[in-house]
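K.L.:
Just one file: final.txt, with compact mmCIF, C-alpha atoms.
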```
# COMPACT_ATOMS: atom_id res chain seq x y z
CA MET A 291 36.59 -14.60 -5.82
CA SER A 292 36.63 -12.19 -2.96
CA PRO A 293 33.89 -12.38 -0.32
CA LEU A 294 30.87 -10.25 -1.08
CA SER A 295 29.95 -7.34 1.15
CA ARG A 296 26.38 -7.62 2.34
CA SER A 297 26.19 -3.84 2.68
CA GLN A 298 26.61 -3.07 -1.02
CA ARG A 299 23.51 -1.51 -2.43
CA PRO A 300 22.58 1.27 -4.86
CA THR A 301 20.91 4.46 -3.82
CA VAL A 302 17.23 5.28 -4.20
CA ILE A 303 15.57 8.31 -5.68
CA VAL A 304 13.00 9.06 -2.97
CA LYS A 305 11.63 12.53 -3.49
CA ALA A 306 11.05 14.87 -6.37
CA VAL A 307 10.97 18.35 -4.92
CA GLY A 308 12.42 19.29 -1.55
CA PRO A 309 11.64 21.90 1.05
CA PRO A 310 11.67 25.59 0.19
CA ASP A 311 14.30 28.16 1.00
CA ARG A 312 12.84 30.85 3.24
CA GLY A 313 14.11 34.33 2.77
CA SER A 314 13.40 38.01 3.09
CA ALA A 315 10.80 39.92 1.12
CA PRO A 316 11.09 39.77 -2.68
CA VAL A 317 13.30 42.27 -4.41
CA ILE A 318 11.22 44.67 -6.51
CA PHE A 319 12.15 45.15 -10.13
CA LEU A 320 10.53 47.12 -12.95
CA VAL A 321 8.69 44.87 -15.37
CA ALA A 322 10.12 45.07 -18.89
CA VAL A 323 7.70 45.97 -21.64
CA ALA A 324 6.62 43.22 -23.99
CA ALA A 325 8.52 44.51 -27.00
CA PHE A 326 11.71 44.73 -24.97
CA ILE A 327 11.31 41.14 -23.86
CA ILE A 328 10.74 39.91 -27.39
CA VAL A 329 13.86 41.66 -28.65
CA PHE A 330 15.92 40.22 -25.84
CA LEU A 331 14.53 36.73 -26.31
CA THR A 332 15.50 36.89 -29.95
CA LEU A 333 18.97 38.32 -29.52
CA LEU A 334 20.07 36.41 -26.46
CA VAL A 335 19.87 32.89 -27.86
CA PRO A 336 23.14 32.97 -29.83
CA LEU A 337 24.95 34.47 -26.83
CA MET A 338 23.65 31.87 -24.44
CA LEU A 339 24.24 28.81 -26.57
CA GLY A 340 27.64 29.78 -27.92
CA GLY A 341 29.70 27.00 -29.47
CA ALA A 342 28.62 23.58 -28.29
CA GLN A 343 31.29 21.27 -26.94
CA SER A 344 31.77 17.86 -28.45
CA CYS A 345 30.28 15.19 -26.21
CA THR A 346 32.00 11.87 -26.35
CA GLY A 347 32.40 8.99 -23.99
CA PRO A 348 35.72 7.28 -23.44
CA GLY A 349 37.56 6.68 -26.68
CA ARG A 350 38.44 3.12 -27.35
CA GLN A 351 36.96 0.58 -24.94
CA PRO A 352 39.62 -1.30 -22.93
CA ALA A 353 40.56 -4.76 -24.08
CA ALA A 354 39.71 -7.66 -21.78
CA SER A 355 42.65 -8.92 -19.75
CA ALA A 356 43.32 -12.58 -19.13
CA ASN A 357 41.87 -12.00 -15.67
CA ALA A 358 38.62 -10.85 -17.28
CA GLN A 359 38.46 -13.63 -19.83
CA ASN A 360 39.10 -16.29 -17.19
CA GLY A 361 37.17 -14.74 -14.32
CA ILE A 362 34.00 -13.33 -15.91
CA PRO A 363 31.34 -15.66 -17.40
CA GLY A 364 31.22 -15.25 -21.17
CA ASN A 365 27.65 -13.96 -21.29
CA TYR A 366 28.38 -11.37 -18.59
CA LEU A 367 31.58 -10.23 -20.29
CA ALA A 368 29.68 -9.68 -23.56
CA LEU A 369 26.92 -7.76 -21.76
CA TYR A 370 29.41 -5.53 -19.93
CA GLN A 371 31.17 -4.72 -23.19
CA GLN A 372 27.93 -4.05 -25.06
CA ALA A 373 26.59 -1.75 -22.32
CA GLY A 374 29.90 0.07 -22.04
CA ALA A 375 29.94 0.82 -25.76
CA ARG A 376 26.27 1.83 -25.78
CA TYR A 377 26.52 4.27 -22.87
CA GLY A 378 30.06 5.51 -23.40
CA ILE A 379 31.34 4.04 -20.13
CA ASP A 380 34.38 1.78 -19.73
CA TRP A 381 32.89 -1.72 -19.68
CA ASN A 382 35.36 -2.84 -17.01
CA VAL A 383 33.84 -0.37 -14.54
CA LEU A 384 30.51 -2.14 -14.97
CA ALA A 385 32.32 -5.44 -14.53
CA GLY A 386 33.90 -4.14 -11.33
CA ILE A 387 30.47 -3.35 -9.94
CA GLY A 388 29.11 -6.72 -11.01
CA LYS A 389 32.03 -8.46 -9.31
CA VAL A 390 31.70 -6.59 -6.02
CA GLU A 391 27.92 -6.85 -5.87
CA THR A 392 27.29 -10.52 -6.67
CA GLY A 393 30.39 -12.07 -8.25
CA HIS A 394 28.81 -11.61 -11.71
CA GLY A 395 25.61 -13.27 -10.56
CA SER A 396 27.34 -16.33 -9.08
CA SER A 397 26.41 -15.58 -5.49
CA ASN A 398 23.59 -17.57 -3.91
CA LEU A 399 22.86 -14.98 -1.26
CA PRO A 400 19.25 -13.81 -0.89
CA GLY A 401 18.15 -11.30 -3.50
CA VAL A 402 20.58 -12.28 -6.26
CA HIS A 403 18.39 -14.67 -8.27
CA SER A 404 15.01 -13.88 -6.71
CA GLY A 405 13.50 -11.88 -3.89
CA GLU A 406 15.50 -9.21 -2.09
CA ASN A 407 18.31 -9.07 0.44
CA PHE A 408 17.99 -7.46 3.89
CA ALA A 409 18.37 -4.00 2.32
CA GLY A 410 15.73 -4.59 -0.35
CA ALA A 411 18.18 -5.00 -3.26
CA GLY A 412 17.74 -7.61 -5.96
CA GLY A 413 19.38 -8.97 -9.08
CA PRO A 414 22.99 -9.41 -10.22
CA MET A 415 23.63 -5.65 -10.08
CA GLN A 416 21.70 -5.26 -6.78
CA PHE A 417 19.06 -2.62 -7.51
CA LEU A 418 16.46 -1.45 -5.04
CA ALA A 419 12.95 -1.52 -6.47
CA ALA A 420 12.54 2.27 -6.54
CA THR A 421 15.86 2.82 -8.29
CA TRP A 422 15.06 0.07 -10.76
CA LYS A 423 11.71 1.67 -11.55
CA SER A 424 13.40 4.98 -12.35
CA PHE A 425 16.30 3.72 -14.48
CA ALA A 426 15.43 0.23 -15.76
CA VAL A 427 16.39 -0.65 -19.34
CA ASP A 428 14.96 -3.43 -21.51
CA GLY A 429 18.37 -4.56 -22.63
CA ASN A 430 17.36 -7.61 -24.65
CA GLY A 431 14.26 -6.09 -26.22
CA ASP A 432 11.86 -8.74 -24.93
CA GLY A 433 9.36 -6.15 -23.69
CA ARG A 434 10.22 -6.75 -20.03
CA LYS A 435 12.54 -5.03 -17.56
CA ASN A 436 13.67 -7.77 -15.22
CA ARG A 437 16.20 -6.81 -12.55
CA TYR A 438 17.21 -10.50 -12.14
CA ASP A 439 18.11 -10.80 -15.83
CA PRO A 440 21.69 -9.61 -16.48
CA ALA A 441 20.66 -8.60 -20.01
CA ASP A 442 18.50 -5.89 -18.40
CA ALA A 443 20.39 -5.29 -15.15
CA ILE A 444 23.80 -4.53 -16.69
CA PRO A 445 22.63 -1.82 -19.13
CA THR A 446 20.49 -0.42 -16.34
CA ALA A 447 23.63 -0.07 -14.23
CA ALA A 448 25.28 1.73 -17.14
CA ASN A 449 22.24 4.00 -17.47
CA TYR A 450 22.40 4.83 -13.76
CA LEU A 451 26.14 5.58 -13.89
CA LYS A 452 25.56 7.81 -16.92
CA HIS A 453 22.82 9.68 -15.07
CA ASN A 454 25.21 10.36 -12.19
CA GLY A 455 28.01 11.79 -14.31
CA ALA A 456 30.00 8.96 -15.91
CA PRO A 457 32.26 8.98 -17.84
CA ASP A 458 33.37 12.51 -16.93
CA ARG A 459 32.89 11.87 -13.22
CA THR A 460 33.23 8.13 -12.95
CA LYS A 461 34.31 8.03 -9.31
CA THR A 462 31.36 10.19 -8.28
CA ALA A 463 28.99 8.02 -10.31
CA ILE A 464 30.26 4.86 -8.60
CA TYR A 465 29.92 6.58 -5.23
CA MET A 466 26.29 7.39 -6.07
CA TYR A 467 25.76 3.68 -6.79
CA ASN A 468 26.78 2.93 -3.19
CA HIS A 469 27.73 5.70 -0.80
CA SER A 470 31.11 4.35 0.27
CA TRP A 471 34.56 5.39 -0.95
CA ASN A 472 35.82 1.95 0.07
CA TYR A 473 33.27 0.57 -2.37
CA VAL A 474 34.51 2.95 -5.08
CA ASN A 475 38.10 1.86 -4.54
CA LEU A 476 37.17 -1.82 -4.58
CA VAL A 477 35.19 -1.46 -7.81
CA LEU A 478 38.05 0.40 -9.47
CA SER A 479 40.59 -2.18 -8.32
CA TRP A 480 38.61 -4.88 -10.12
CA ALA A 481 38.12 -2.60 -13.14
CA THR A 482 41.89 -2.22 -13.34
CA ARG A 483 42.40 -5.98 -13.25
CA TYR A 484 39.79 -6.54 -15.93
CA GLY A 485 41.05 -3.92 -18.37
CA ALA A 486 44.19 -4.92 -20.30
CA GLY A 487 46.85 -2.27 -19.82
CA LYS A 488 46.58 0.88 -17.73
CA VAL A 489 43.00 1.90 -16.97
CA GLN A 490 42.23 5.61 -16.96
CA ILE A 491 39.24 6.58 -14.81
CA ALA A 492 37.94 10.06 -15.60
CA GLN A 493 37.04 12.42 -12.78
CA ALA A 494 36.80 15.82 -14.40
CA ASP A 495 35.89 18.82 -12.25
CA THR A 496 33.70 20.12 -15.07
CA PRO A 497 31.36 17.73 -16.89
CA SER A 498 31.10 17.97 -20.68
CA CYS A 499 27.88 16.04 -21.30
CA LEU A 500 24.25 16.36 -20.25
CA PRO A 501 22.57 13.32 -18.65
CA GLY A 502 20.97 12.35 -21.95
CA GLY A 503 24.33 12.35 -23.70
CA GLY A 504 24.12 15.71 -25.49
CA PRO A 505 26.77 18.40 -25.16
CA ILE A 506 26.62 21.16 -22.58
CA PRO A 507 26.12 24.51 -24.32
CA GLY A 508 29.02 26.92 -24.62
CA GLY A 509 29.22 30.50 -23.40
CA ILE A 510 27.63 31.86 -20.24
CA VAL A 511 24.93 29.18 -20.08
CA GLY A 512 27.55 26.47 -20.38
CA LYS A 513 29.48 27.84 -17.41
CA ILE A 514 26.31 27.99 -15.32
CA ILE A 515 25.16 24.46 -16.18
CA SER A 516 28.62 22.92 -15.84
CA PHE A 517 29.02 24.33 -12.34
CA ALA A 518 25.59 23.10 -11.23
CA MET A 519 26.12 19.61 -12.67
CA ALA A 520 29.49 19.34 -10.95
CA GLN A 521 27.67 19.65 -7.60
CA ARG A 522 25.66 16.44 -8.13
CA GLY A 523 25.99 14.01 -5.29
CA LYS A 524 26.75 16.65 -2.66
CA PRO A 525 24.44 16.99 0.36
CA TYR A 526 21.51 19.35 0.79
CA VAL A 527 21.86 21.51 3.89
CA PHE A 528 19.31 24.29 4.43
CA GLY A 529 21.14 27.61 4.59
CA ALA A 530 24.38 26.20 3.17
CA SER A 531 26.14 28.16 0.44
CA GLY A 532 28.75 25.65 -0.78
CA PRO A 533 31.18 24.43 -1.67
CA GLY A 534 30.55 21.19 0.24
CA ALA A 535 26.76 21.50 0.52
CA TRP A 536 23.96 23.61 -0.94
CA ASP A 537 20.27 24.31 -0.68
CA CYS A 538 18.14 24.89 -3.77
CA SER A 539 18.60 28.64 -4.12
CA SER A 540 22.26 28.74 -3.11
CA LEU A 541 23.01 26.13 -5.78
CA VAL A 542 21.42 28.39 -8.40
CA GLN A 543 23.20 31.42 -6.96
CA GLY A 544 26.56 29.61 -7.00
CA ALA A 545 26.05 28.41 -10.57
CA TYR A 546 25.37 31.94 -11.80
CA ARG A 547 28.22 33.35 -9.74
CA SER A 548 30.59 30.97 -11.56
CA ALA A 549 29.71 32.90 -14.75
CA GLY A 550 30.20 36.31 -13.08
CA ILE A 551 26.51 36.98 -12.37
CA THR A 552 25.20 37.86 -8.93
CA LEU A 553 21.72 36.60 -8.02
CA PRO A 554 19.85 37.15 -4.75
CA ARG A 555 20.29 34.46 -2.11
CA THR A 556 16.79 33.04 -1.60
CA THR A 557 14.16 31.50 -3.85
CA PHE A 558 11.64 34.17 -2.88
CA GLN A 559 14.11 36.85 -3.98
CA GLN A 560 15.14 35.05 -7.16
CA TRP A 561 11.58 34.63 -8.48
CA PRO A 562 10.95 38.33 -9.30
CA LEU A 563 14.45 38.90 -10.73
CA GLY A 564 14.24 37.15 -14.09
CA ILE A 565 11.98 37.90 -17.02
CA ARG A 566 9.06 35.46 -17.06
CA VAL A 567 9.19 32.84 -19.80
CA PRO A 568 6.04 31.01 -21.00
CA ASN A 569 5.86 27.32 -20.16
CA GLY A 570 7.23 25.38 -23.09
CA SER A 571 9.57 28.22 -24.12
CA GLU A 572 12.16 27.60 -21.41
CA GLN A 573 15.80 27.22 -22.41
CA PRO A 574 18.97 25.92 -20.74
CA GLY A 575 20.06 28.35 -18.05
CA ASP A 576 16.52 29.41 -17.13
CA LEU A 577 15.19 28.92 -13.63
CA VAL A 578 12.19 26.70 -12.89
CA PHE A 579 10.14 27.42 -9.77
CA PHE A 580 7.75 25.30 -7.71
CA ASN A 581 4.94 26.22 -5.36
CA SER A 582 6.36 23.95 -2.67
CA GLY A 583 6.76 24.11 1.09
CA PRO A 584 6.02 26.57 3.92
CA GLY A 585 5.69 30.15 2.81
CA SER A 586 5.23 29.14 -0.80
CA ALA A 587 2.15 30.41 -2.59
CA PRO A 588 0.96 31.15 -6.12
CA ASN A 589 3.30 33.79 -7.54
CA ASN A 590 5.57 33.32 -4.52
CA PRO A 591 7.27 29.95 -5.11
CA GLY A 592 9.55 28.45 -2.48
CA HIS A 593 11.64 25.96 -4.49
CA VAL A 594 13.88 26.43 -7.54
CA GLY A 595 15.91 24.40 -10.02
CA LEU A 596 18.13 25.16 -13.01
CA VAL A 597 16.89 24.15 -16.47
CA ILE A 598 19.50 22.21 -18.49
CA GLY A 599 17.35 21.17 -21.47
CA GLY A 600 15.20 18.24 -22.51
CA GLY A 601 12.76 18.79 -19.66
CA GLN A 602 15.56 18.24 -17.12
CA MET A 603 16.88 20.40 -14.31
CA VAL A 604 19.71 20.35 -11.81
CA VAL A 605 18.23 20.75 -8.34
CA ALA A 606 19.16 20.54 -4.68
CA ARG A 607 16.16 18.60 -3.43
CA CYS A 608 16.09 17.92 0.30
CA THR A 609 18.17 16.71 3.25
CA THR A 610 16.87 13.14 3.12
CA CYS A 611 16.77 12.81 -0.66
CA VAL A 612 19.28 10.40 -2.19
CA PRO A 613 20.99 11.80 -4.12
CA ALA A 614 20.27 15.19 -2.57
CA ILE A 615 21.59 17.17 -5.54
CA THR A 616 20.84 15.59 -8.90
CA THR A 617 19.32 16.00 -12.34
CA GLN A 618 15.67 15.12 -12.84
CA SER A 619 12.59 16.00 -14.88
CA TYR A 620 10.51 19.00 -13.89
CA LYS A 621 7.66 18.34 -16.32
CA ASP A 622 5.67 15.89 -14.21
CA HIS A 623 5.32 18.08 -11.12
CA SER A 624 1.84 19.49 -10.55
CA ASN A 625 3.24 22.28 -8.37
CA LEU A 626 5.41 23.77 -11.14
CA GLN A 627 4.95 27.52 -10.87
CA GLY A 628 6.80 28.80 -13.93
CA PHE A 629 10.08 29.80 -15.52
CA THR A 630 12.22 32.93 -15.53
CA ARG A 631 15.27 34.01 -17.51
CA PRO A 632 17.63 36.01 -15.25
CA LEU A 633 20.14 36.44 -18.08
CA LEU A 634 17.81 38.97 -19.69
CA ARG A 635 18.70 41.29 -16.83
CA PHE A 636 22.38 41.04 -17.69
CA THR A 637 22.46 41.67 -21.46
CA ASN A 638 22.48 44.76 -23.63
CA SER A 639 19.78 45.62 -26.12
CA ASP A 640 21.90 44.15 -28.95
CA GLY A 641 22.09 40.81 -27.14
CA THR A 642 25.69 41.19 -25.95
CA SER A 643 26.57 40.64 -22.32
CA HIS A 644 27.44 43.31 -19.81
CA VAL A 645 28.27 40.73 -17.16
CA ASN A 646 31.38 41.73 -15.25
```
Hey, can you dump this file as structure tokens for me?
P.N.:
Amino acid sequence: MSPLSRSQRPTVIVKAVGPPDRGSAPVIFLVAVAAFIIVFLTLLVPLMLGGAQSCTGPGRQPAASANAQNGIPGNYLALYQQAGARYGIDWNVLAGIGKVETGHGSSNLPGVHSGENFAGAGGPMQFLAATWKSFAVDGNGDGRKNRYDPADAIPTAANYLKHNGAPDRTKTAIYMYNHSWNYVNLVLSWATRYGAGKVQIAQADTPSCLPGGGPIPGGIVGKIISFAMAQRGKPYVFGASGPGAWDCSSLVQGAYRSAGITLPRTTFQQWPLGIRVPNGSEQPGDLVFFNSGPGSAPNNPGHVGLVIGGGQMVVARCTTCVPAITTQSYKDHSNLQGFTRPLLRFTNSDGTSHVN
């Protein structure tokens, strides 16, 4: 076994909603009459959803090489394979992480079997307490989520990788587990040894699946969501407009621009653009706004995210947030201001698009 790096540790979700984007005065638009809105809401849905893509994980799971059968404890090998099949992730990637982190639980360093190491990580897959709280899985169905039990820790690792884009963006997901490309390469080298035959690691530019496993919609909404999700893991920089970094409103602007739609630059300008949508009636592609940060006020929100469905949004959160750009729930935030549907400004009365 190779020596273990004491610096390996997963990332922590530390903040829900980041600072606002400050901008110029809101752009003034005429308010559509209620009947007009109802017609548009009815006719736009088929256009926005289009034909859904199929959402599948990797096809056949890799067979275990002799290296895997001889080098991975039997109970760990079974757990890796079960979690891989359940979450649609190559099991040998999970095994690569387990090897690099703790030698499949064989290490006696602090934090592996009890307590925490110097960085606060614990268990065979080395989770920080905050990350564990957010993503923990009761893998063995005993009613407990124990980060020192591989039956819970291994599927939790799979759940975390799935959240960060695997299998479409496996390299990015591993990087989000530990922000080091050397770590990514080391994990993949072990994954290659453990998988019999050539191991294919997906790293698509455009994801095909939502975090919960469902397909990304087709059509205009699909283009918008796919672009935003492909930015996960990039840094938040106030005032940045991509492609290497974004703030909350530029991420939304860039996502819409990928579908040929031009939105204003700042959150304060974006809020009055779209047609207001009642809470609970939001759809993928809508914008969700928060009364958050300096300059923000009721009916003048300073933070924005992109709705992707299931109560989830893609959002550029803040400079110190890890990950800075990610998917997360918007439903539990007390400062949620409301939703708008900008696409209603870019469709004809019969529901067809006049986007350039």
K.L.:
Name the closest residue to Glu391 of chain A among the candidates A:Gly628, A:Gly413, A:Gly564, A:Gly455; distances are taken between atoms, counting all atoms listed in the file.
P.N.:
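So, comparing all the options, the nearest one is A:Gly413.
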K.L.:
Contacts of Val578 of chain A at 7 Å or less, counting all atoms listed in the file, minus same-chain residues fewer than 2 places along, as a PyMOL selection string?
P.N.:
chain A and resi 576+580+594-597+628-630
K.L.:
With C-alpha atoms retained, export the selected residues as a tab-separated table (two decimals), in the frame of the given file.
P.N.:
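Wrote part.tsv, looks like this:
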```
chain	number	residue	atom	x	y	z
A	576	ASP	CA	16.52	29.41	-17.13
A	580	PHE	CA	7.75	25.30	-7.71
A	594	VAL	CA	13.88	26.43	-7.54
A	595	GLY	CA	15.91	24.40	-10.02
A	596	LEU	CA	18.13	25.16	-13.01
A	597	VAL	CA	16.89	24.15	-16.47
A	628	GLY	CA	6.80	28.80	-13.93
A	629	PHE	CA	10.08	29.80	-15.52
A	630	THR	CA	12.22	32.93	-15.53
```
K.L.:
What's the separation between atom CA of Met519 of chain A and atom CA of Pro352 of chain A, in Å to one decimal place?
P.N.:
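Going from atom CA of Met519 of chain A over to atom CA of Pro352 of chain A covers 26.9 Å.
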K.L.:
If I take atom CA of Thr446 of chain A and atom CA of Phe425 of chain A, how far is one from the other in Å, to one decimal?
P.N.:
6.2 Å
K.L.:
Counting only C-alpha atoms, which residue out of A:Pro613, A:Gly405, A:Gly512, A:Pro562 sits closest to Pro591 of chain A?
P.N.:
A:Pro562
K.L.:
Within 8 Å of (26.0, -7.9, -12.1), in the coordinates the file gives, what residues turn up when you count only C-alpha atoms, written out as a PDB file with C-alpha atoms, keeping the file's coordinate frame?
P.N.:
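This is the output file part_4.pdb:
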```pdb
ATOM      1  CA  TYR A 366      28.380 -11.370 -18.590  1.00  0.00           C
ATOM      2  CA  LEU A 384      30.510  -2.140 -14.970  1.00  0.00           C
ATOM      3  CA  ALA A 385      32.320  -5.440 -14.530  1.00  0.00           C
ATOM      4  CA  ILE A 387      30.470  -3.350  -9.940  1.00  0.00           C
ATOM      5  CA  GLY A 388      29.110  -6.720 -11.010  1.00  0.00           C
ATOM      6  CA  LYS A 389      32.030  -8.460  -9.310  1.00  0.00           C
ATOM      7  CA  GLU A 391      27.920  -6.850  -5.870  1.00  0.00           C
ATOM      8  CA  THR A 392      27.290 -10.520  -6.670  1.00  0.00           C
ATOM      9  CA  GLY A 393      30.390 -12.070  -8.250  1.00  0.00           C
ATOM     10  CA  HIS A 394      28.810 -11.610 -11.710  1.00  0.00           C
ATOM     11  CA  GLY A 395      25.610 -13.270 -10.560  1.00  0.00           C
ATOM     12  CA  GLY A 413      19.380  -8.970  -9.080  1.00  0.00           C
ATOM     13  CA  PRO A 414      22.990  -9.410 -10.220  1.00  0.00           C
ATOM     14  CA  MET A 415      23.630  -5.650 -10.080  1.00  0.00           C
ATOM     15  CA  GLN A 416      21.700  -5.260  -6.780  1.00  0.00           C
ATOM     16  CA  PRO A 440      21.690  -9.610 -16.480  1.00  0.00           C
ATOM     17  CA  ALA A 443      20.390  -5.290 -15.150  1.00  0.00           C
ATOM     18  CA  ILE A 444      23.800  -4.530 -16.690  1.00  0.00           C
TER      19      ILE A 444
END
```
K.L.:
So which residues fall inside 9 Å of (30.2, 2.6, -24.1) if we count all atoms listed in the file? Mind giving them as a VMD selection string?
P.N.:
chain A and resid 347 to 351 371 to 381 448
K.L.:
Taking all atoms listed in the file into account, name the residue in A:His593, A:Lys435, A:Lys461, A:Lys513 that is nearest to Ala545 of chain A.
P.N.:
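Looking only at the distances to Ala545 of chain A, the closest residue turns out to be A:Lys513.
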K.L.:
Any idea what the distance is between atom CA of Arg459 of chain A and atom CA of Val605 of chain A?
P.N.:
17.8 Å
K.L.:
Would you mind listing what lies within 10 Å of Asn581 of chain A as a VMD selection string, with all atoms listed in the file counted and same-chain residues fewer than 5 positions away left out?
P.N.:
chain A and resid 307 310 586 to 594 623 to 628
K.L.:
Might you pull out every residue within 10 Å of Glu406 of chain A, with all atoms listed in the file counted and same-chain residues fewer than 5 positions away left off, and present them as an MDAnalysis selection string?
P.N.:
chainID A and resid 399:401 411:413 416:419
K.L.:
Would you pick out the contacts of Gly485 of chain A at 10 Å or less, using only C-alpha atoms, so that residues sharing its chain but fewer than 3 positions from it are not included, and give the list as a PyMOL selection string?
P.N.:
chain A and resi 351-358+380-383+385+480-482+488-490
K.L.:
Which residue is closest to Tyr465 of chain A? Choose from A:Ile362, A:Cys611, A:Ala518, A:Leu451 and count all atoms listed in the file.
P.N.:
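Closest to Tyr465 of chain A, using all atoms listed in the file: A:Leu451.
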K.L.:
Go through A:Ser539, A:Ser582, A:Gln359, A:Ser531 one by one, measure the shortest atom-to-atom distance of each to Gln560 of chain A using only C-alpha atoms, and give the residue with the smallest value.
P.N.:
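Checking each candidate against Gln560 of chain A, we get A:Ser539 as the closest.
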K.L.:
Taking only C-alpha atoms into account, which of A:Ile615, A:Val567, A:Ala441, A:Ala447 comes nearest Ser540 of chain A?
P.N.:
A:Ile615
K.L.:
Could all heavy atoms be built for segment 629-635 of chain A and written out as a PDB file, in the frame of the given file?
P.N.:
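Saved as part05.pdb:
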```
ATOM      1  N   PHE A 629       8.680  29.652 -15.156  1.00  0.00           N
ATOM      2  CA  PHE A 629      10.080  29.800 -15.520  1.00  0.00           C
ATOM      3  C   PHE A 629      10.449  31.284 -15.617  1.00  0.00           C
ATOM      4  O   PHE A 629       9.617  32.119 -15.971  1.00  0.00           O
ATOM      5  CB  PHE A 629      10.348  29.158 -16.889  1.00  0.00           C
ATOM      6  CG  PHE A 629       9.989  27.706 -16.964  1.00  0.00           C
ATOM      7  CD1 PHE A 629       8.700  27.304 -17.313  1.00  0.00           C
ATOM      8  CD2 PHE A 629      10.935  26.728 -16.695  1.00  0.00           C
ATOM      9  CE1 PHE A 629       8.367  25.963 -17.384  1.00  0.00           C
ATOM     10  CE2 PHE A 629      10.610  25.386 -16.759  1.00  0.00           C
ATOM     11  CZ  PHE A 629       9.325  25.002 -17.100  1.00  0.00           C
ATOM     12  N   THR A 630      11.699  31.581 -15.315  1.00  0.00           N
ATOM     13  CA  THR A 630      12.220  32.930 -15.530  1.00  0.00           C
ATOM     14  C   THR A 630      13.580  32.844 -16.205  1.00  0.00           C
ATOM     15  O   THR A 630      14.251  31.815 -16.151  1.00  0.00           O
ATOM     16  CB  THR A 630      12.368  33.718 -14.215  1.00  0.00           C
ATOM     17  OG1 THR A 630      13.440  33.153 -13.440  1.00  0.00           O
ATOM     18  CG2 THR A 630      11.084  33.713 -13.409  1.00  0.00           C
ATOM     19  N   ARG A 631      13.980  33.938 -16.827  1.00  0.00           N
ATOM     20  CA  ARG A 631      15.270  34.010 -17.510  1.00  0.00           C
ATOM     21  C   ARG A 631      16.076  35.173 -16.924  1.00  0.00           C
ATOM     22  O   ARG A 631      16.033  36.305 -17.422  1.00  0.00           O
ATOM     23  CB  ARG A 631      15.065  34.195 -19.011  1.00  0.00           C
ATOM     24  CG  ARG A 631      16.343  34.060 -19.839  1.00  0.00           C
ATOM     25  CD  ARG A 631      15.996  33.809 -21.301  1.00  0.00           C
ATOM     26  NE  ARG A 631      15.263  32.566 -21.458  1.00  0.00           N
ATOM     27  CZ  ARG A 631      14.490  32.272 -22.503  1.00  0.00           C
ATOM     28  NH1 ARG A 631      14.366  33.134 -23.485  1.00  0.00           N
ATOM     29  NH2 ARG A 631      13.866  31.103 -22.559  1.00  0.00           N
ATOM     30  N   PRO A 632      16.841  34.929 -15.868  1.00  0.00           N
ATOM     31  CA  PRO A 632      17.630  36.010 -15.250  1.00  0.00           C
ATOM     32  C   PRO A 632      18.630  36.641 -16.196  1.00  0.00           C
ATOM     33  O   PRO A 632      18.965  37.820 -16.039  1.00  0.00           O
ATOM     34  CB  PRO A 632      18.355  35.282 -14.093  1.00  0.00           C
ATOM     35  CG  PRO A 632      17.513  34.099 -13.794  1.00  0.00           C
ATOM     36  CD  PRO A 632      16.955  33.668 -15.115  1.00  0.00           C
ATOM     37  N   LEU A 633      19.121  35.884 -17.189  1.00  0.00           N
ATOM     38  CA  LEU A 633      20.140  36.440 -18.080  1.00  0.00           C
ATOM     39  C   LEU A 633      19.633  37.645 -18.863  1.00  0.00           C
ATOM     40  O   LEU A 633      20.432  38.464 -19.333  1.00  0.00           O
ATOM     41  CB  LEU A 633      20.637  35.359 -19.043  1.00  0.00           C
ATOM     42  CG  LEU A 633      21.603  34.333 -18.441  1.00  0.00           C
ATOM     43  CD1 LEU A 633      21.922  33.243 -19.447  1.00  0.00           C
ATOM     44  CD2 LEU A 633      22.877  35.003 -17.960  1.00  0.00           C
ATOM     45  N   LEU A 634      18.335  37.785 -19.005  1.00  0.00           N
ATOM     46  CA  LEU A 634      17.810  38.970 -19.690  1.00  0.00           C
ATOM     47  C   LEU A 634      18.067  40.242 -18.909  1.00  0.00           C
ATOM     48  O   LEU A 634      17.986  41.335 -19.461  1.00  0.00           O
ATOM     49  CB  LEU A 634      16.308  38.792 -19.948  1.00  0.00           C
ATOM     50  CG  LEU A 634      15.935  37.787 -21.037  1.00  0.00           C
ATOM     51  CD1 LEU A 634      14.433  37.649 -21.131  1.00  0.00           C
ATOM     52  CD2 LEU A 634      16.511  38.210 -22.380  1.00  0.00           C
ATOM     53  N   ARG A 635      18.362  40.117 -17.635  1.00  0.00           N
ATOM     54  CA  ARG A 635      18.700  41.290 -16.830  1.00  0.00           C
ATOM     55  C   ARG A 635      20.158  41.684 -16.978  1.00  0.00           C
ATOM     56  O   ARG A 635      20.579  42.711 -16.476  1.00  0.00           O
ATOM     57  CB  ARG A 635      18.421  40.996 -15.346  1.00  0.00           C
ATOM     58  CG  ARG A 635      16.978  40.720 -15.008  1.00  0.00           C
ATOM     59  CD  ARG A 635      16.143  41.964 -15.098  1.00  0.00           C
ATOM     60  NE  ARG A 635      14.786  41.736 -14.598  1.00  0.00           N
ATOM     61  CZ  ARG A 635      13.812  42.623 -14.687  1.00  0.00           C
ATOM     62  NH1 ARG A 635      14.033  43.781 -15.247  1.00  0.00           N
ATOM     63  NH2 ARG A 635      12.612  42.330 -14.222  1.00  0.00           N
TER      64      ARG A 635
END
```
